[in-house]
>>> print(open('my_file_33.txt').read())   # compact mmCIF, N, CA, C and O atoms
# COMPACT_ATOMS: atom_id res chain seq x y z
N MET A 799 -52.40 55.83 -21.62
CA MET A 799 -52.53 57.19 -22.11
C MET A 799 -53.09 58.03 -20.96
O MET A 799 -54.00 57.60 -20.27
N THR A 800 -52.52 59.20 -20.78
CA THR A 800 -52.99 60.09 -19.73
C THR A 800 -53.87 61.18 -20.33
O THR A 800 -53.92 61.34 -21.55
N ALA A 801 -54.54 61.91 -19.47
CA ALA A 801 -55.42 62.98 -19.92
C ALA A 801 -55.18 64.23 -19.07
O ALA A 801 -54.77 64.13 -17.92
N THR A 802 -55.42 65.36 -19.69
CA THR A 802 -55.31 66.64 -18.98
C THR A 802 -56.34 67.59 -19.57
O THR A 802 -56.81 67.39 -20.69
N THR A 803 -56.68 68.60 -18.81
CA THR A 803 -57.62 69.60 -19.31
C THR A 803 -56.91 70.56 -20.26
O THR A 803 -55.68 70.69 -20.23
N LEU A 804 -57.69 71.26 -21.03
CA LEU A 804 -57.14 72.24 -21.95
C LEU A 804 -56.39 73.33 -21.19
O LEU A 804 -55.28 73.73 -21.57
N ASN A 805 -56.96 73.82 -20.10
CA ASN A 805 -56.31 74.87 -19.32
C ASN A 805 -54.98 74.41 -18.74
O ASN A 805 -53.99 75.13 -18.78
N ARG A 806 -54.97 73.19 -18.20
CA ARG A 806 -53.72 72.67 -17.63
C ARG A 806 -52.67 72.46 -18.73
O ARG A 806 -51.49 72.72 -18.53
N ALA A 807 -53.12 72.03 -19.90
CA ALA A 807 -52.20 71.85 -21.03
C ALA A 807 -51.58 73.19 -21.44
O ALA A 807 -50.38 73.27 -21.72
N LYS A 808 -52.40 74.23 -21.48
CA LYS A 808 -51.89 75.57 -21.82
C LYS A 808 -50.84 76.03 -20.82
O LYS A 808 -49.81 76.59 -21.20
N GLU A 809 -51.11 75.79 -19.55
CA GLU A 809 -50.20 76.25 -18.49
C GLU A 809 -48.87 75.49 -18.50
O GLU A 809 -47.85 76.04 -18.11
N ASN A 810 -48.90 74.24 -18.95
CA ASN A 810 -47.71 73.38 -18.86
C ASN A 810 -47.31 72.80 -20.21
O ASN A 810 -46.79 71.70 -20.28
N LEU A 811 -47.54 73.54 -21.29
CA LEU A 811 -47.33 73.00 -22.62
C LEU A 811 -45.89 72.52 -22.85
O LEU A 811 -45.67 71.43 -23.38
N GLY A 812 -44.93 73.31 -22.44
CA GLY A 812 -43.52 72.93 -22.63
C GLY A 812 -43.21 71.60 -21.95
O GLY A 812 -42.58 70.71 -22.54
N GLN A 813 -43.63 71.47 -20.70
CA GLN A 813 -43.38 70.24 -19.95
C GLN A 813 -44.16 69.07 -20.54
O GLN A 813 -43.66 67.96 -20.62
N LEU A 814 -45.37 69.34 -20.98
CA LEU A 814 -46.20 68.30 -21.59
C LEU A 814 -45.54 67.76 -22.85
O LEU A 814 -45.47 66.53 -23.06
N ILE A 815 -45.03 68.64 -23.68
CA ILE A 815 -44.33 68.22 -24.90
C ILE A 815 -43.08 67.41 -24.55
O ILE A 815 -42.82 66.36 -25.15
N SER A 816 -42.32 67.86 -23.56
CA SER A 816 -41.13 67.11 -23.14
C SER A 816 -41.50 65.72 -22.66
O SER A 816 -40.84 64.74 -23.01
N ASN A 817 -42.55 65.62 -21.86
CA ASN A 817 -42.98 64.32 -21.34
C ASN A 817 -43.40 63.38 -22.46
O ASN A 817 -43.05 62.20 -22.45
N VAL A 818 -44.15 63.90 -23.42
CA VAL A 818 -44.61 63.08 -24.54
C VAL A 818 -43.41 62.61 -25.36
O VAL A 818 -43.36 61.46 -25.79
N ASN A 819 -42.45 63.49 -25.60
CA ASN A 819 -41.27 63.11 -26.36
C ASN A 819 -40.42 62.09 -25.61
O ASN A 819 -39.88 61.17 -26.21
N ASP A 820 -40.28 62.26 -24.31
CA ASP A 820 -39.44 61.36 -23.52
C ASP A 820 -40.07 59.98 -23.32
O ASP A 820 -39.38 58.97 -23.34
N SER A 821 -41.38 59.94 -23.14
CA SER A 821 -42.03 58.69 -22.77
C SER A 821 -42.76 57.99 -23.92
O SER A 821 -43.10 56.82 -23.81
N SER A 822 -43.01 58.70 -25.00
CA SER A 822 -43.81 58.19 -26.11
C SER A 822 -45.22 57.80 -25.68
O SER A 822 -45.88 56.98 -26.32
N VAL A 823 -45.69 58.38 -24.58
CA VAL A 823 -47.05 58.15 -24.11
C VAL A 823 -47.91 59.34 -24.54
O VAL A 823 -47.66 60.47 -24.09
N PRO A 824 -48.90 59.12 -25.41
CA PRO A 824 -49.76 60.22 -25.84
C PRO A 824 -50.55 60.81 -24.67
O PRO A 824 -50.77 60.14 -23.67
N VAL A 825 -50.98 62.05 -24.83
CA VAL A 825 -51.79 62.72 -23.82
C VAL A 825 -53.08 63.20 -24.47
O VAL A 825 -53.04 63.87 -25.52
N ILE A 826 -54.20 62.86 -23.87
CA ILE A 826 -55.49 63.37 -24.33
C ILE A 826 -55.69 64.74 -23.71
O ILE A 826 -55.56 64.89 -22.49
N ILE A 827 -55.99 65.72 -24.54
CA ILE A 827 -56.30 67.05 -24.03
C ILE A 827 -57.81 67.21 -24.12
O ILE A 827 -58.39 67.20 -25.21
N VAL A 828 -58.43 67.30 -22.95
CA VAL A 828 -59.89 67.31 -22.83
C VAL A 828 -60.40 68.73 -22.97
O VAL A 828 -59.96 69.63 -22.26
N ASN A 829 -61.33 68.91 -23.89
CA ASN A 829 -61.92 70.21 -24.16
C ASN A 829 -63.32 70.25 -23.55
O ASN A 829 -64.00 69.23 -23.48
N ASP A 830 -63.76 71.40 -23.14
CA ASP A 830 -65.08 71.55 -22.51
C ASP A 830 -66.23 71.15 -23.43
O ASP A 830 -67.28 70.73 -22.96
N ASP A 831 -66.05 71.29 -24.75
CA ASP A 831 -67.14 70.98 -25.66
C ASP A 831 -67.16 69.51 -26.09
O ASP A 831 -67.93 69.11 -26.95
N GLY A 832 -66.27 68.69 -25.50
CA GLY A 832 -66.25 67.26 -25.78
C GLY A 832 -65.47 66.87 -27.02
O GLY A 832 -65.44 65.71 -27.39
N LYS A 833 -64.84 67.82 -27.67
CA LYS A 833 -64.02 67.53 -28.85
C LYS A 833 -62.57 67.54 -28.42
O LYS A 833 -61.89 68.56 -28.48
N ASN A 834 -62.11 66.40 -27.96
CA ASN A 834 -60.77 66.28 -27.42
C ASN A 834 -59.73 66.17 -28.52
O ASN A 834 -60.04 65.95 -29.68
N ALA A 835 -58.47 66.29 -28.12
CA ALA A 835 -57.34 66.13 -29.02
C ALA A 835 -56.32 65.24 -28.35
O ALA A 835 -56.38 65.01 -27.14
N VAL A 836 -55.39 64.73 -29.15
CA VAL A 836 -54.34 63.87 -28.62
C VAL A 836 -53.00 64.47 -29.01
O VAL A 836 -52.76 64.79 -30.18
N LEU A 837 -52.12 64.61 -28.03
CA LEU A 837 -50.77 65.10 -28.27
C LEU A 837 -49.83 63.91 -28.33
O LEU A 837 -49.77 63.11 -27.40
N VAL A 838 -49.12 63.76 -29.47
CA VAL A 838 -48.13 62.70 -29.63
C VAL A 838 -46.83 63.32 -30.10
O VAL A 838 -46.81 64.41 -30.68
N SER A 839 -45.74 62.61 -29.88
CA SER A 839 -44.45 63.12 -30.33
C SER A 839 -44.39 63.06 -31.86
O SER A 839 -45.08 62.26 -32.49
N GLU A 840 -43.55 63.90 -32.43
CA GLU A 840 -43.40 63.90 -33.89
C GLU A 840 -42.87 62.55 -34.36
O GLU A 840 -43.32 62.02 -35.39
N GLU A 841 -41.94 61.97 -33.62
CA GLU A 841 -41.39 60.67 -33.98
C GLU A 841 -42.49 59.60 -34.02
O GLU A 841 -42.56 58.80 -34.95
N ASP A 842 -43.35 59.59 -33.01
CA ASP A 842 -44.44 58.62 -32.99
C ASP A 842 -45.44 58.89 -34.11
O ASP A 842 -45.96 57.96 -34.73
N TRP A 843 -45.72 60.15 -34.38
CA TRP A 843 -46.64 60.51 -35.46
C TRP A 843 -46.09 60.01 -36.80
O TRP A 843 -46.82 59.40 -37.59
N ASN A 844 -44.81 60.25 -37.05
CA ASN A 844 -44.20 59.80 -38.30
C ASN A 844 -44.25 58.28 -38.41
O ASN A 844 -44.49 57.73 -39.49
N SER A 845 -44.03 57.59 -37.30
CA SER A 845 -44.10 56.14 -37.28
C SER A 845 -45.51 55.65 -37.63
O SER A 845 -45.69 54.70 -38.40
N MET A 846 -46.50 56.30 -37.07
CA MET A 846 -47.90 55.92 -37.37
C MET A 846 -48.21 56.16 -38.85
O MET A 846 -48.88 55.33 -39.49
N GLN A 847 -47.74 57.27 -39.40
CA GLN A 847 -47.99 57.57 -40.80
C GLN A 847 -47.32 56.53 -41.71
O GLN A 847 -47.90 56.08 -42.70
N GLU A 848 -46.10 56.13 -41.35
CA GLU A 848 -45.40 55.11 -42.13
C GLU A 848 -46.14 53.77 -42.07
O GLU A 848 -46.29 53.09 -43.09
N THR A 849 -46.61 53.42 -40.89
CA THR A 849 -47.36 52.17 -40.73
C THR A 849 -48.63 52.20 -41.58
O THR A 849 -48.94 51.22 -42.28
N LEU A 850 -49.36 53.30 -41.53
CA LEU A 850 -50.57 53.42 -42.34
C LEU A 850 -50.26 53.31 -43.83
O LEU A 850 -50.99 52.67 -44.59
N TYR A 851 -49.15 53.93 -44.23
CA TYR A 851 -48.75 53.85 -45.64
C TYR A 851 -48.46 52.40 -46.04
O TYR A 851 -48.93 51.92 -47.07
N LEU A 852 -47.69 51.70 -45.20
CA LEU A 852 -47.35 50.32 -45.52
C LEU A 852 -48.60 49.44 -45.58
O LEU A 852 -48.71 48.56 -46.43
N TYR A 853 -49.54 49.68 -44.69
CA TYR A 853 -50.79 48.92 -44.70
C TYR A 853 -51.62 49.21 -45.95
O TYR A 853 -52.45 48.40 -46.34
N SER A 854 -51.40 50.35 -46.58
CA SER A 854 -52.18 50.70 -47.77
C SER A 854 -51.67 50.01 -49.04
O SER A 854 -52.35 50.02 -50.05
N ILE A 855 -50.48 49.43 -48.98
CA ILE A 855 -49.90 48.76 -50.15
C ILE A 855 -50.41 47.32 -50.19
O ILE A 855 -50.16 46.56 -49.25
N PRO A 856 -51.13 46.94 -51.24
CA PRO A 856 -51.67 45.58 -51.31
C PRO A 856 -50.57 44.52 -51.17
O PRO A 856 -49.54 44.59 -51.85
N GLY A 857 -50.78 43.57 -50.28
CA GLY A 857 -49.84 42.47 -50.08
C GLY A 857 -48.67 42.77 -49.16
O GLY A 857 -47.90 41.87 -48.83
N MET A 858 -48.50 44.02 -48.76
CA MET A 858 -47.33 44.39 -47.96
C MET A 858 -47.35 43.73 -46.58
O MET A 858 -46.34 43.23 -46.11
N VAL A 859 -48.50 43.72 -45.92
CA VAL A 859 -48.59 43.14 -44.57
C VAL A 859 -48.23 41.65 -44.63
O VAL A 859 -47.45 41.16 -43.81
N GLU A 860 -48.77 40.95 -45.61
CA GLU A 860 -48.47 39.53 -45.75
C GLU A 860 -46.99 39.31 -46.02
O GLU A 860 -46.37 38.38 -45.49
N SER A 861 -46.40 40.17 -46.85
CA SER A 861 -44.98 40.06 -47.17
C SER A 861 -44.12 40.26 -45.92
O SER A 861 -43.14 39.53 -45.71
N ILE A 862 -44.48 41.21 -45.10
CA ILE A 862 -43.72 41.46 -43.86
C ILE A 862 -43.86 40.28 -42.92
O ILE A 862 -42.87 39.83 -42.32
N LYS A 863 -45.08 39.75 -42.79
CA LYS A 863 -45.29 38.59 -41.92
C LYS A 863 -44.51 37.38 -42.41
O LYS A 863 -43.89 36.66 -41.62
N ASP A 864 -44.51 37.16 -43.71
CA ASP A 864 -43.76 36.04 -44.28
C ASP A 864 -42.26 36.21 -44.03
O ASP A 864 -41.56 35.26 -43.71
N ALA A 865 -41.78 37.43 -44.19
CA ALA A 865 -40.36 37.70 -44.00
C ALA A 865 -39.93 37.46 -42.56
O ALA A 865 -38.79 37.01 -42.31
N ARG A 866 -40.81 37.72 -41.61
CA ARG A 866 -40.48 37.48 -40.20
C ARG A 866 -40.23 36.01 -39.92
O ARG A 866 -39.48 35.66 -39.00
N MET A 867 -40.85 35.14 -40.69
CA MET A 867 -40.73 33.70 -40.48
C MET A 867 -39.50 33.11 -41.19
O MET A 867 -39.11 31.99 -40.93
N GLU A 868 -38.91 33.89 -42.08
CA GLU A 868 -37.75 33.40 -42.84
C GLU A 868 -36.51 33.37 -41.96
O GLU A 868 -36.18 34.37 -41.31
N PRO A 869 -35.81 32.23 -41.92
CA PRO A 869 -34.59 32.16 -41.11
C PRO A 869 -33.56 33.17 -41.59
O PRO A 869 -33.40 33.39 -42.80
N LEU A 870 -32.87 33.77 -40.67
CA LEU A 870 -31.87 34.78 -41.00
C LEU A 870 -30.80 34.22 -41.93
O LEU A 870 -30.29 34.92 -42.80
N SER A 871 -30.48 32.95 -41.76
CA SER A 871 -29.44 32.33 -42.59
C SER A 871 -29.85 32.26 -44.06
O SER A 871 -29.00 32.14 -44.94
N GLU A 872 -31.15 32.34 -44.34
CA GLU A 872 -31.62 32.28 -45.72
C GLU A 872 -31.82 33.66 -46.35
O GLU A 872 -32.15 33.76 -47.53
N CYS A 873 -31.65 34.70 -45.56
CA CYS A 873 -31.83 36.06 -46.06
C CYS A 873 -30.65 36.46 -46.93
O CYS A 873 -29.50 36.11 -46.66
N ARG A 874 -30.96 37.22 -47.96
CA ARG A 874 -29.91 37.72 -48.85
C ARG A 874 -29.46 39.09 -48.39
O ARG A 874 -30.22 39.84 -47.79
N ILE A 875 -28.24 39.41 -48.72
CA ILE A 875 -27.69 40.73 -48.41
C ILE A 875 -28.26 41.73 -49.41
O ILE A 875 -28.37 41.45 -50.60
N TYR A 876 -28.62 42.88 -48.90
CA TYR A 876 -29.20 43.93 -49.75
C TYR A 876 -28.21 44.37 -50.81
O TYR A 876 -27.04 44.64 -50.53
N ASP A 877 -28.67 44.41 -52.04
CA ASP A 877 -27.86 44.87 -53.17
C ASP A 877 -28.59 46.05 -53.80
O ASP A 877 -29.63 45.89 -54.43
N PRO A 878 -28.05 47.27 -53.63
CA PRO A 878 -28.73 48.46 -54.16
C PRO A 878 -28.86 48.45 -55.68
O PRO A 878 -29.69 49.15 -56.24
N ASP A 879 -28.06 47.61 -56.37
CA ASP A 879 -28.12 47.55 -57.83
C ASP A 879 -29.08 46.48 -58.32
O ASP A 879 -29.31 46.35 -59.53
N GLU A 880 -29.69 45.73 -57.40
CA GLU A 880 -30.60 44.66 -57.79
C GLU A 880 -31.89 45.24 -58.37
O GLU A 880 -32.44 46.20 -57.86
N GLU A 881 -32.36 44.62 -59.42
CA GLU A 881 -33.64 45.01 -60.03
C GLU A 881 -34.76 44.52 -59.16
O GLU A 881 -34.75 43.38 -58.70
N TRP A 882 -35.77 45.32 -58.93
CA TRP A 882 -36.94 44.91 -58.15
C TRP A 882 -37.97 44.55 -59.11
O TRP A 882 -38.91 44.50 -59.41
>>> encode(input="my_file_33.txt", output="structure tokens")
Amino acid sequence: MTATTLNRAKENLGQLISNVNDSSVPVIIVNDDGKNAVLVSEEDWNSMQETLYLYSIPGMVESIKDARMEPLSECRIYDPDEEW
């Protein structure tokens, strides 16, 4: 993660946003009063929100870990009409 000052961020905001979107590397914007901020791409932000949501569902993390261990040959094809 890189860092920049608030003034430099203001001067180069367009380029900073492009860099964050292209590289997915967040940028810390350092404020004089010590209350910094982090600039992330919208795509990365949405991904983080989805991950937090999934972690909030009881048993979901364990289910995902278990599914990773299941051989692909044993996986069933998704059926949108299947009852959950």
>>> atom_distance(input="my_file_33.txt", atom1="atom O of A:Leu804", atom2="atom C of A:Val823")
16.4 Å
>>> select_by_dssp(input="my_file_33.txt", residues="chain A", states="strand (DSSP E)", output="PyMOL selection string")
chain A and resi 800-803+825-828+835-837
>>> atom_distance(input="my_file_33.txt", atom1="atom O of A:Met799", atom2="atom C of A:Asn844")
20.6 Å
>>> residues_around(input="my_file_33.txt", residues="A:Asn819", least_positions_apart="5", cutoff="7 Å", atoms="all atoms listed in the file", output="JSON, numbers by chain")
{"A": [813, 814, 838, 839, 840]}
>>> write_last_selection(input="my_file_33.txt", atoms="N, CA, C and O atoms", output="PDB file, keeping the file's coordinate frame")
ATOM      1  N   GLN A 813     -43.630  71.470 -20.700  1.00  0.00           N
ATOM      2  CA  GLN A 813     -43.380  70.240 -19.950  1.00  0.00           C
ATOM      3  C   GLN A 813     -44.160  69.070 -20.540  1.00  0.00           C
ATOM      4  O   GLN A 813     -43.660  67.960 -20.620  1.00  0.00           O
ATOM      5  N   LEU A 814     -45.370  69.340 -20.980  1.00  0.00           N
ATOM      6  CA  LEU A 814     -46.200  68.300 -21.590  1.00  0.00           C
ATOM      7  C   LEU A 814     -45.540  67.760 -22.850  1.00  0.00           C
ATOM      8  O   LEU A 814     -45.470  66.530 -23.060  1.00  0.00           O
ATOM      9  N   VAL A 838     -49.120  63.760 -29.470  1.00  0.00           N
ATOM     10  CA  VAL A 838     -48.130  62.700 -29.630  1.00  0.00           C
ATOM     11  C   VAL A 838     -46.830  63.320 -30.100  1.00  0.00           C
ATOM     12  O   VAL A 838     -46.810  64.410 -30.680  1.00  0.00           O
ATOM     13  N   SER A 839     -45.740  62.610 -29.880  1.00  0.00           N
ATOM     14  CA  SER A 839     -44.450  63.120 -30.330  1.00  0.00           C
ATOM     15  C   SER A 839     -44.390  63.060 -31.860  1.00  0.00           C
ATOM     16  O   SER A 839     -45.080  62.260 -32.490  1.00  0.00           O
ATOM     17  N   GLU A 840     -43.550  63.900 -32.430  1.00  0.00           N
ATOM     18  CA  GLU A 840     -43.400  63.900 -33.890  1.00  0.00           C
ATOM     19  C   GLU A 840     -42.870  62.550 -34.360  1.00  0.00           C
ATOM     20  O   GLU A 840     -43.320  62.020 -35.390  1.00  0.00           O
TER      21      GLU A 840
END
>>> atom_distance(input="my_file_33.txt", atom1="atom C of A:Asp842", atom2="atom N of A:Pro878")
28.6 Å
>>> select_by_dssp(input="my_file_33.txt", residues="chain A", states="helix (DSSP H, G or I)", output="PyMOL selection string")
chain A and resi 804-809+811-821+840-854+858-867+870-872
>>> closest_residue(input="my_file_33.txt", among="A:Leu870, A:Ala801, A:Leu837, A:Val828", to="A:Ser816", atoms="only C-alpha atoms")
A:Leu837
>>> closest_residue(input="my_file_33.txt", among="A:Ser861, A:Thr800, A:Gln847, A:Asn810", to="A:Ile827", atoms="all atoms listed in the file")
A:Thr800
>>> closest_residue(input="my_file_33.txt", among="A:Arg874, A:Tyr851, A:Asn805, A:Pro856", to="A:Asp830", atoms="only N, CA, C and O atoms")
A:Asn805
